[in-house]
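Below: the structure, in structure tokens.
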Amino acid sequence: MAVPSYYTRGETIAYYALRVFVALVLLFLISPILAVMPLSFNSESFFTYPMPGYSLKWYEDFFFNPRWTGSVKMSFFVAFATTILATTLGTLAALGLSRSNFPLKSTMMAILISPMIVPVIISAVGMFKFYAQLDLAGTRIGIILAHTALATPFVVITVTATLASFDKTLMRAGASCGAPPHTVFFKVVMPLILPGMISGALFAFVTSFDEVVVVLFLASPEDRTLPLQMFSGIREMISPTITAAATVLVLISTALLITVEMLRRRSERLRGVQV
Amino acid sequence: MKKFATLFGAALLAGTALYAVKAQAADELTITSWGGAYQESQRNAFFKPFIDAGNKITEAEYNGEIAKIRAMVEAKAVTWDVVDVDTQTALAGCAEGTFETIDWAKLGLDRAKFIGGDVTDCAVPNILYSTVAAYDTTKTEAPASLFEALFDTTKYPGKRALQKSPFVNLEWALMADGVAPADVYKVLGTDEGVDRAFKKLDTIKKDVVWWESGAQGPQLLADGQVVFATSWNGRFYNAIKTDNKPFKIIWDFQAPDWDWWAIPKGTPKIEEAYRFITFASDPQRMADQTKWISYGPANKDAAPKIDPAILPDLPSAPDNLKTVFYPDPQFWGDKGDELRERFNAWLAQ
Amino acid sequence: MATAQAVPADGVMRAADGTPLKTALARAERRERLKALGLVLPLFAFIVLSFVVPILVMLYNSVYDPDVAENMPQTVQALQAWDGRELPPEEVFAAFVADLQEAQKNKQAALIGKRLNYEISGIRSKVTTTARKVGALAEGPYREAVIAIDKVWGDIDTWATIKRSSSDWTPFYILSMLDLRQGPDGSIEHMPADRSIYKDILVRTLGISLLVTAMTLVLGYPVAYMLATSPQKTASILMIFVLLPFWTSLLVRTTAWMILMQDGGVFTQMLNFSGITFLMNMLGVIDGEPQLFKTRFATVVAMTHIQLPFTLLPIYSVMKTISPNYMRAAKSLGGTPFYSFLRVYMPQTLPGVAAGCLLTFILCLGYYITPALVGGPTDQMISGFIERAINSENNWGKASALGVILLTATLILYYVYNKLVGIDRMKLG
């Protein structure tokens with residue numbers, strides 16, 4: 001990219017300065033994540049370069065030690081259950097909220113989104129005490145309920161965003177052709193908002209899968225999730241297995257990111273929005 | 001897209017249902033201890049044999065926070081069935097009903113055979129450990145005394161790793177400030193005495209790295225992040241013996257204490273908890289534990305079964321006892337909360 | 001849906017079934033509204049029950065504290081008649097002994113001591129000791145015997161404090177968050193210096209949040225500008241750099257910073273290699289290698305890293321909507337590039353700046369994990385002290401009062417955000 005020939009000297013400097021600055025910021029964003037990944041292949045258990053040798057033993061520990069595999073299973077279980085609940089509840093609510101004449105829409109929205117805003121330590125402590133009275137503290141159901149509350153705002157936001165550009169006459173068209181409401185939903189609405197739903201579901205999944213503060217209070221030792229296992233490991237002392245776990249998590253988030261981006265583009269193309 | 005969504009949904013449901021069914025079978029005894037090398041020794045000596053005898057165990061770690069146990073008991077959400085606690089926790093927890101009162105007859109054990117068995121009604125002593133300092137002989141010269149090591153920052157520039165707790169640190173600070181060991185608790189019992197101890201700690205506050213779990217002390221020393229570190233003697237012993245670290249323990253003013261098995265009140269698995277404590281108090285198994293860590297068994301019957309090679313590394317070895325300082329567990333059981341709160345406030349300032 | 005035929009003679013539009021159209025419409029609308037409500041209701045009920053109510057119940061603990069009233073019922077009763085001018089009469093002491101004996105039996109004495117200790121420093125151990133010893137007092141008179149156990153019971157202030165704490169309600173926790181307390185006579189006074197830390201913590205939390213917000217704006221604005229003005233292809237590649245950290249778990253990113261920031265770790269190696277360490281030694285800023293781990297610097301850097309996408313993305317989406325024609329017009333009218341940018345472009349981006357910065361500031365206030373792992377004891381924010389209050393001190397009143405402060409600050413900002421930006425315009429990714 002060359003500077004246009006009509007640029008003044010000042011503009012040229014600004015042009016290059018901006019590029020250098022942006023490059024540095026992007027480096028700042030990505031480098032911590034990238035710098036940690038190679039360290040997970042270190043043959044020794046310390047965290048400086050150059051590394052004396054390479055080894056897969058930390059991955060072996062991560063994939064075969066029952067403490068880690070158990071926590072991975074637990075995390076997937078909780079995250080899946082959370083995703084199902086959050087997506088269902090969130091989508092329904094978004095459909096309701098998107099009707100133009102919804103009373104007190106803004107207030108309702110503010111309440112439904114609040115779990116995303118309220119500091120998670122407050123949610124965690126409050127839920128611990130309250131759930132304990134219902135005998136739900138230290139149970140998986142307790143964790144799933146708590147995670148669902150934290151995850152639904154993401155579904156509500158993404159589905160509402162999809163519905164904002166959704167042409168409501170399509171529903172009327174469906175209805176006037178004689179289709180009952182549920183047919184209209186599954187044949188007309190659903191295909192159009194599906195990308196938003198899936199994005200929301202993925203957000204919900206990640207929210208639960210990465211969450212550590214609530215499980216810190218609510219999880220029993222038998223139900224340790226992956227972030228909890230990492231967190232307690234970090235507090236003890238950083239073992240290289242944690243870097244292996246971190247690398248795996250980065251790969252998972254990369255896959256999810258790519259999925260969401262593809263969905264977003266597809267939905268924009270579908271709705272004819274020019275990007 | 002639709003196919004994908006259907007498949008995705010079906011897979012989610014199937015996975016969840018499967019796992020939920022499996023979740024019903026959680027009938028394990030949860031034992032919480034201090035992590036690291038100590039828990040490893042317990043794993044080898046007690047947990048593995050207990051599992052081999054047909055029981056199920058879930059292990060958990062904590063850093064001795066009594067408040068966590070209290071919160072569970074008060075909220076009636078007890079998920080720890082047996083906890084390894086230190087003496088002040090055992091005493092404080094007993095006084096306020098956090099722990100079950102131990103029925104020694106039910107355990108089938110002779111209370112008189114346990115060193116310190118009569119200190120509290122709510123716990124069974126398992127080992128004697130000691131809080132000590134250590135240094136890396138390849139990097140640091142031997143200090144003349146413990147207090148020089150911890151408080152003389154001109155002679156030994158660099159950081160010190162101390163436990164993020166007032167326990168022992170306040171006593172050491174007072175003694176370093178010139179209080180006679182016999183008077184420490186008399187002084188610490190007054191507001192002026194507490195101020196004095198914190199004032200002494202102020203002199204090294206910026207040179208301290210605070211650790212929370214026992215593994216961190218030796219780790220910080222090994223990484224060269226600190227010149228002196230405190231920890232429990234067994235942790236340093238393991239770093240020296242297992243990891244071949246060139247560490248030396250400063251036994252000067254070592255502060256011995258017990259560890260205990262306690263049962264949080266309200267656990268649904270009290271029968272299994274009792275069975276485990278009986279199992280883990282067996283003299284032979286207790287003697288076996290010394291193969292993995294240098295703590296003295298509390299059961300007197302275990303003493304003759306210990307491998308003599310480890311005796312000089314135990315806190316009770318005569319050479320190590322020359323300037324020993326015995327912390328007063330009753331003092332900490334009573335005043336621990338106040339001092340911890342003050343300590344937390346001091347740290348945050 | 002019913003359709004009206006033609007205008008009838010009476011001038012009232014009617015639906016097919018003969019009802020006036022106005023009524024039919026209203027009815028249909030009401031039905032629609034009910035349907036909409038029905039769709040939202042499940043989630044609303046769920047959020048209220050599983051989230052809002054638990055938090056409210058917890059916050060209630062910051063003013064509701066029946067420990068003294070419940071565990072010393074006779075003493076509280078007896079103290080009601082006491083005028084507070086001289087030492088309470090024998091009946092109060094007799095009630096006190098009875099209460100303590102009962103408390104000792106139920107192992108509640110430590111609880112009474114803990115509660116009173118918040119107001120009278122050092123009394124906890126005196127209560128537990130006294131409770132142990134009153135068992136031996138078979139019969140009265142109790143007054144002298146109790147004072148003989150500990151002279152604190154001979155102090156009028158002790159009894160005044162017990163009388164004041166005997167209500168189920170207490171302003172104690174909220175006051176102590178402002179470094180204030182009630183004296184024995186009920187007047188409000190300052191906390192002693194060694195316990196006055198909460199104003200500092202509040203200021204610290206706000207300060208760190210503000211600094212991080214400013215840093216994310218300074219770093220994020222140019223990046224957003226470049227993303228918004230670059231060709232589509234370049235922009236989507238650059239976007240990955242922003243979105244990947246955004247999607248990576250907070251714990252993973254914090255762990256990464258922990259590892260990089262260790263003393264002698266990769267970050268230090270980089271500083272040494274680039275000559276910055278040397279330069280800083282020359283300038284006398286530091287002596288030897290920089291020590292970053294467990295410092296404010298590390299905390300702010302890690303938090304900035306985590307929050308950067310949250311500030312950047314709203315700015316970017318606003319910038320995307322700004323037509324380049326404005327800048328062209330400004331320049332063609334003779335504005336210098338800098339002037340045009342400042343006066344024409346920048347004002348249009350302000351909604352995005354407000355949205356991004358507010359969101360980041362709100363989220364920063366609640367940070368717990370990152371300061372706990374990469375910060376030192378003096379870098380902990382309010383959330384960290386809430387965790388400490390529960391896991392280290394078991395003081396729910398304090399945790400709740402801290403929660404009230406934190407939540408109030410958050411909700412005020414959330415309200416501002418809602419008014420200024422609109423919740424429904426929040427975007428993700």
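The way I read the labels, and the way they are meant: chains A, B, ... in the order of the structure tokens, residue 1 as the first residue of every chain, and ligand 1 as the first ligand shown, with later ones counted on from there.
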If you count only C-alpha atoms, which residues fall within 9 Å of Met74 in chain A, apart from same-chain ones fewer than 4 positions away, as number ranges by chain?
A: 69-70, 78-79, 223-226; B: 19
Quick check for you: according to DSSP on this backbone, which residues of range 15-192 of chain B are classed as strand (DSSP E or B)? Reply as a JSON list (two decimals) with C-alpha atoms, in the first residue's frame.
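Result file out.json:
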```json
[["chain", "number", "residue", "atom", "x", "y", "z"],
["B", 29, "LEU", "CA", -15.92, -39.33, 49.96],
["B", 30, "THR", "CA", -14.42, -35.89, 49.46],
["B", 31, "ILE", "CA", -11.19, -35.34, 51.35],
["B", 32, "THR", "CA", -9.70, -31.86, 51.36],
["B", 33, "SER", "CA", -6.09, -31.23, 52.21],
["B", 57, "ILE", "CA", -12.40, -40.74, 47.06],
["B", 58, "THR", "CA", -12.55, -37.30, 45.52],
["B", 59, "GLU", "CA", -9.64, -35.12, 46.49],
["B", 60, "ALA", "CA", -9.80, -31.37, 46.89],
["B", 61, "GLU", "CA", -7.25, -28.78, 47.92],
["B", 82, "VAL", "CA", -13.00, -34.90, 55.76],
["B", 83, "VAL", "CA", -10.67, -31.91, 56.01],
["B", 84, "ASP", "CA", -7.02, -31.74, 57.02],
["B", 85, "VAL", "CA", -6.84, -28.69, 59.31],
["B", 86, "ASP", "CA", -4.20, -26.99, 61.42],
["B", 99, "PHE", "CA", -16.83, -29.52, 63.10],
["B", 114, "PHE", "CA", -2.10, -39.70, 70.03],
["B", 123, "ALA", "CA", -10.34, -33.51, 65.45],
["B", 124, "VAL", "CA", -7.88, -36.40, 65.30],
["B", 125, "PRO", "CA", -4.21, -35.42, 65.10],
["B", 126, "ASN", "CA", -2.36, -36.90, 62.15],
["B", 127, "ILE", "CA", 1.08, -35.31, 61.84],
["B", 128, "LEU", "CA", 3.46, -32.83, 63.42],
["B", 129, "TYR", "CA", 4.89, -30.32, 60.99],
["B", 130, "SER", "CA", 6.78, -27.08, 61.40],
["B", 131, "THR", "CA", 6.87, -23.69, 59.73],
["B", 132, "VAL", "CA", 10.46, -22.92, 58.77],
["B", 133, "ALA", "CA", 12.49, -20.76, 56.39],
["B", 134, "ALA", "CA", 14.97, -21.98, 53.80],
["B", 135, "TYR", "CA", 17.42, -20.63, 51.25],
["B", 136, "ASP", "CA", 19.31, -21.73, 48.16],
["B", 160, "ARG", "CA", 11.31, -12.95, 50.87],
["B", 161, "ALA", "CA", 8.40, -15.32, 50.44],
["B", 162, "LEU", "CA", 6.12, -15.38, 53.48],
["B", 163, "GLN", "CA", 2.74, -17.03, 54.05]]
```
Which residues of chain A come within 6 Å of chain B, and what is each one's closest atom pair and distance in Å (one decimal), counting only C-alpha atoms, sorted by chain and residue number, as JSON lines?
```
{"residue": "A:Phe77", "atom": "CA", "partner": "B:Thr16", "partner_atom": "CA", "distance": 6.0}
{"residue": "A:Ala132", "atom": "CA", "partner": "B:Ala77", "partner_atom": "CA", "distance": 5.6}
{"residue": "A:Ala137", "atom": "CA", "partner": "B:Ala77", "partner_atom": "CA", "distance": 6.0}
{"residue": "A:Ser220", "atom": "CA", "partner": "B:Thr79", "partner_atom": "CA", "distance": 5.7}
{"residue": "A:Pro221", "atom": "CA", "partner": "B:Ala60", "partner_atom": "CA", "distance": 5.7}
{"residue": "A:Glu236", "atom": "CA", "partner": "B:Ser213", "partner_atom": "CA", "distance": 5.6}
```
Rounded to one decimal place, report the CA of Leu27 in chain A-CA of Pro245 in chain C distance in Å.
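If I compute the distance from CA of Leu27 in chain A to CA of Pro245 in chain C, I get 11.2 Å.
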Test item: residues at most 10 Å from range 193-207 of chain B, only C-alpha atoms, excluding those fewer than 6 positions along its chain, as a PyMOL selection string:
(chain B and resi 150-153+157-161+166+169-177+179+184-187+226+339+342-343+346-347) or (chain C and resi 194)
Those same residues, written as a compact mmCIF listing (two decimals), in the first residue's frame with C-alpha atoms?
```txt
# COMPACT_ATOMS: atom_id res chain seq x y z
CA LEU B 150 13.93 -12.43 57.15
CA PHE B 151 14.42 -8.88 58.36
CA ASP B 152 17.93 -7.73 57.39
CA THR B 153 17.33 -6.38 53.91
CA PRO B 157 18.79 -7.64 49.52
CA GLY B 158 15.99 -9.23 47.51
CA LYS B 159 12.54 -10.59 48.19
CA ARG B 160 11.31 -12.95 50.87
CA ALA B 161 8.40 -15.32 50.44
CA PRO B 166 -0.58 -13.54 60.34
CA ASN B 169 4.74 -14.13 60.94
CA LEU B 170 3.55 -11.87 63.78
CA GLU B 171 5.41 -13.92 66.39
CA TRP B 172 8.61 -13.87 64.38
CA ALA B 173 8.28 -10.14 63.83
CA LEU B 174 7.97 -9.54 67.58
CA MET B 175 10.92 -11.75 68.41
CA ALA B 176 12.98 -10.07 65.71
CA ASP B 177 12.02 -6.81 67.37
CA VAL B 179 10.57 -9.60 72.47
CA VAL B 184 5.43 -13.19 72.71
CA TYR B 185 1.78 -14.01 73.42
CA LYS B 186 1.58 -11.62 76.35
CA VAL B 187 2.70 -8.82 74.03
CA VAL B 226 13.25 -14.77 46.44
CA LEU B 339 -5.71 -10.85 63.52
CA ARG B 342 -6.32 -6.83 60.63
CA PHE B 343 -3.69 -8.59 58.52
CA TRP B 346 -2.78 -4.16 56.54
CA LEU B 347 -1.94 -5.97 53.29
CA ASP C 194 -5.69 0.64 60.79
```
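Put simply, CA of Leu279 in chain C is 28.1 Å away from CA of Pro371 in chain C.
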Pick out the closest residue to chain B from this set: C:Ile390, C:Leu271, C:Leu56, C:Val63. Count only C-alpha atoms.
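That would be C:Ile390, the residue with the smallest distance to chain B.
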Interface, chain C side, toward chain B (9 Å; only C-alpha atoms) as a ChimeraX atom specification
/C:104,106-111,114,117-118,121-122,124-126,128-129,194-197,200-201,262-264,294,376-380,388-395
If I take CA of Thr82 in chain A and CA of Ile122 in chain A, how far is one from the other in Å, to one decimal?
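Straight-line distance from CA of Thr82 in chain A to CA of Ile122 in chain A works out to 20.0 Å.
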Could you list, as a list of chain:residue names, every residue within 10 Å of range 16-19 of chain A, counting only C-alpha atoms and ignoring same-chain residues fewer than 6 positions away?
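Near range 16-19 of chain A, the qualifying residues are A:Ala2, A:Val3, A:Val25, C:Pro222, C:Val223, C:Tyr225, C:Met226.
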Only C-alpha atoms, please: the residues just picked out, written as a compact mmCIF listing (two decimals), in the first residue's frame.
```txt
# COMPACT_ATOMS: atom_id res chain seq x y z
CA ALA A 2 1.64 3.13 -1.13
CA VAL A 3 0.69 6.61 -0.08
CA VAL A 25 -1.47 -2.65 19.07
CA PRO C 222 -6.67 4.24 15.82
CA VAL C 223 -7.16 0.51 15.27
CA TYR C 225 -10.25 3.83 12.45
CA MET C 226 -7.94 1.74 10.38
```
If you run DSSP on the backbone, which residues of range 117-189 of chain A are alpha helix (DSSP H), as a ChimeraX atom specification?
/A:117,120-133,140-164,169-176,181-184
If we count only C-alpha atoms, what is near Ser239 in chain A at a cut-off of 12 Å, once residues fewer than 4 positions away on the same chain are taken out, given as a list in words?
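Residues near the query, excluding close chain neighbours: Leu39, Ser40, Asn42, Glu44, Ser45, Phe46, Phe47, Lys57, Trp58, Tyr59, Asp61, Phe62, Gln229, Met230, Phe231, Ser232, Gly233, Ile234, Arg235, Thr243, Ala244, Ala245 and Ala246 of chain A; Gly36, Ala215, Gln216 and Gln219 of chain B; Thr255 and Ile259 of chain C.
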Name the residues in contact with Ala146 in chain A at a cut-off of 10 Å, using only C-alpha atoms, excluding same-chain residues fewer than 2 positions from it; report them as a list in words.
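Surrounding residues, per the criterion: Thr82, Pro115, Ser123, Ala124, Met127, Phe128, Tyr131, Arg140, Ile141, Gly142, Ile143, Ile144, Thr148, Ala149, Leu150, Ala151, Ser208, Val214, Val215 and Leu218 of chain A; Ile47, Ser50 and Phe51 of chain C.
Among the candidates B:Leu321, B:Ala53, B:Ala239, B:Ala229, the one nearest to Arg275 in chain B when counting only C-alpha atoms is B:Ala53.
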Leaving out Thr311 in chain C and any residue of its chain fewer than 4 positions from it, which residues lie within 7 Å of it when counting only C-alpha atoms, given as a PDB file with N, CA and C atoms, in the first residue's frame?
```pdb
ATOM      1  N   THR C 216      -7.521   1.631  26.790  1.00  0.00           N
ATOM      2  CA  THR C 216      -8.173   0.921  25.686  1.00  0.00           C
ATOM      3  C   THR C 216      -8.626   1.908  24.620  1.00  0.00           C
ATOM      4  N   LEU C 217      -9.032   3.107  25.052  1.00  0.00           N
ATOM      5  CA  LEU C 217      -9.468   4.104  24.065  1.00  0.00           C
ATOM      6  C   LEU C 217      -8.286   4.575  23.217  1.00  0.00           C
ATOM      7  N   GLY C 220      -7.282   1.623  21.156  1.00  0.00           N
ATOM      8  CA  GLY C 220      -8.319   1.060  20.300  1.00  0.00           C
ATOM      9  C   GLY C 220      -8.806   1.989  19.209  1.00  0.00           C
ATOM     10  N   GLN C 307      -9.786  -5.953  27.895  1.00  0.00           N
ATOM     11  CA  GLN C 307     -10.909  -5.051  27.608  1.00  0.00           C
ATOM     12  C   GLN C 307     -10.821  -4.360  26.241  1.00  0.00           C
ATOM     13  N   ILE C 315     -16.784   1.335  18.721  1.00  0.00           N
ATOM     14  CA  ILE C 315     -16.257   2.479  17.974  1.00  0.00           C
ATOM     15  C   ILE C 315     -16.190   2.117  16.488  1.00  0.00           C
ATOM     16  N   GLY C 356     -18.378   2.271  23.861  1.00  0.00           N
ATOM     17  CA  GLY C 356     -17.254   1.384  24.150  1.00  0.00           C
ATOM     18  C   GLY C 356     -16.654   1.664  25.516  1.00  0.00           C
ATOM     19  N   CYS C 357     -16.422   2.945  25.797  1.00  0.00           N
ATOM     20  CA  CYS C 357     -15.766   3.291  27.063  1.00  0.00           C
ATOM     21  C   CYS C 357     -16.654   2.963  28.260  1.00  0.00           C
ATOM     22  N   THR C 360     -16.637  -0.804  28.838  1.00  0.00           N
ATOM     23  CA  THR C 360     -15.372  -1.224  29.433  1.00  0.00           C
ATOM     24  C   THR C 360     -15.275  -0.782  30.891  1.00  0.00           C
TER      25      THR C 360
END
```
From the list A:Ser43, A:Thr247, A:Thr48, A:Ser75, which residue is nearest Phe205 in chain A when using only C-alpha atoms?
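Smallest separation from Phe205 in chain A among the options: A:Ser75.
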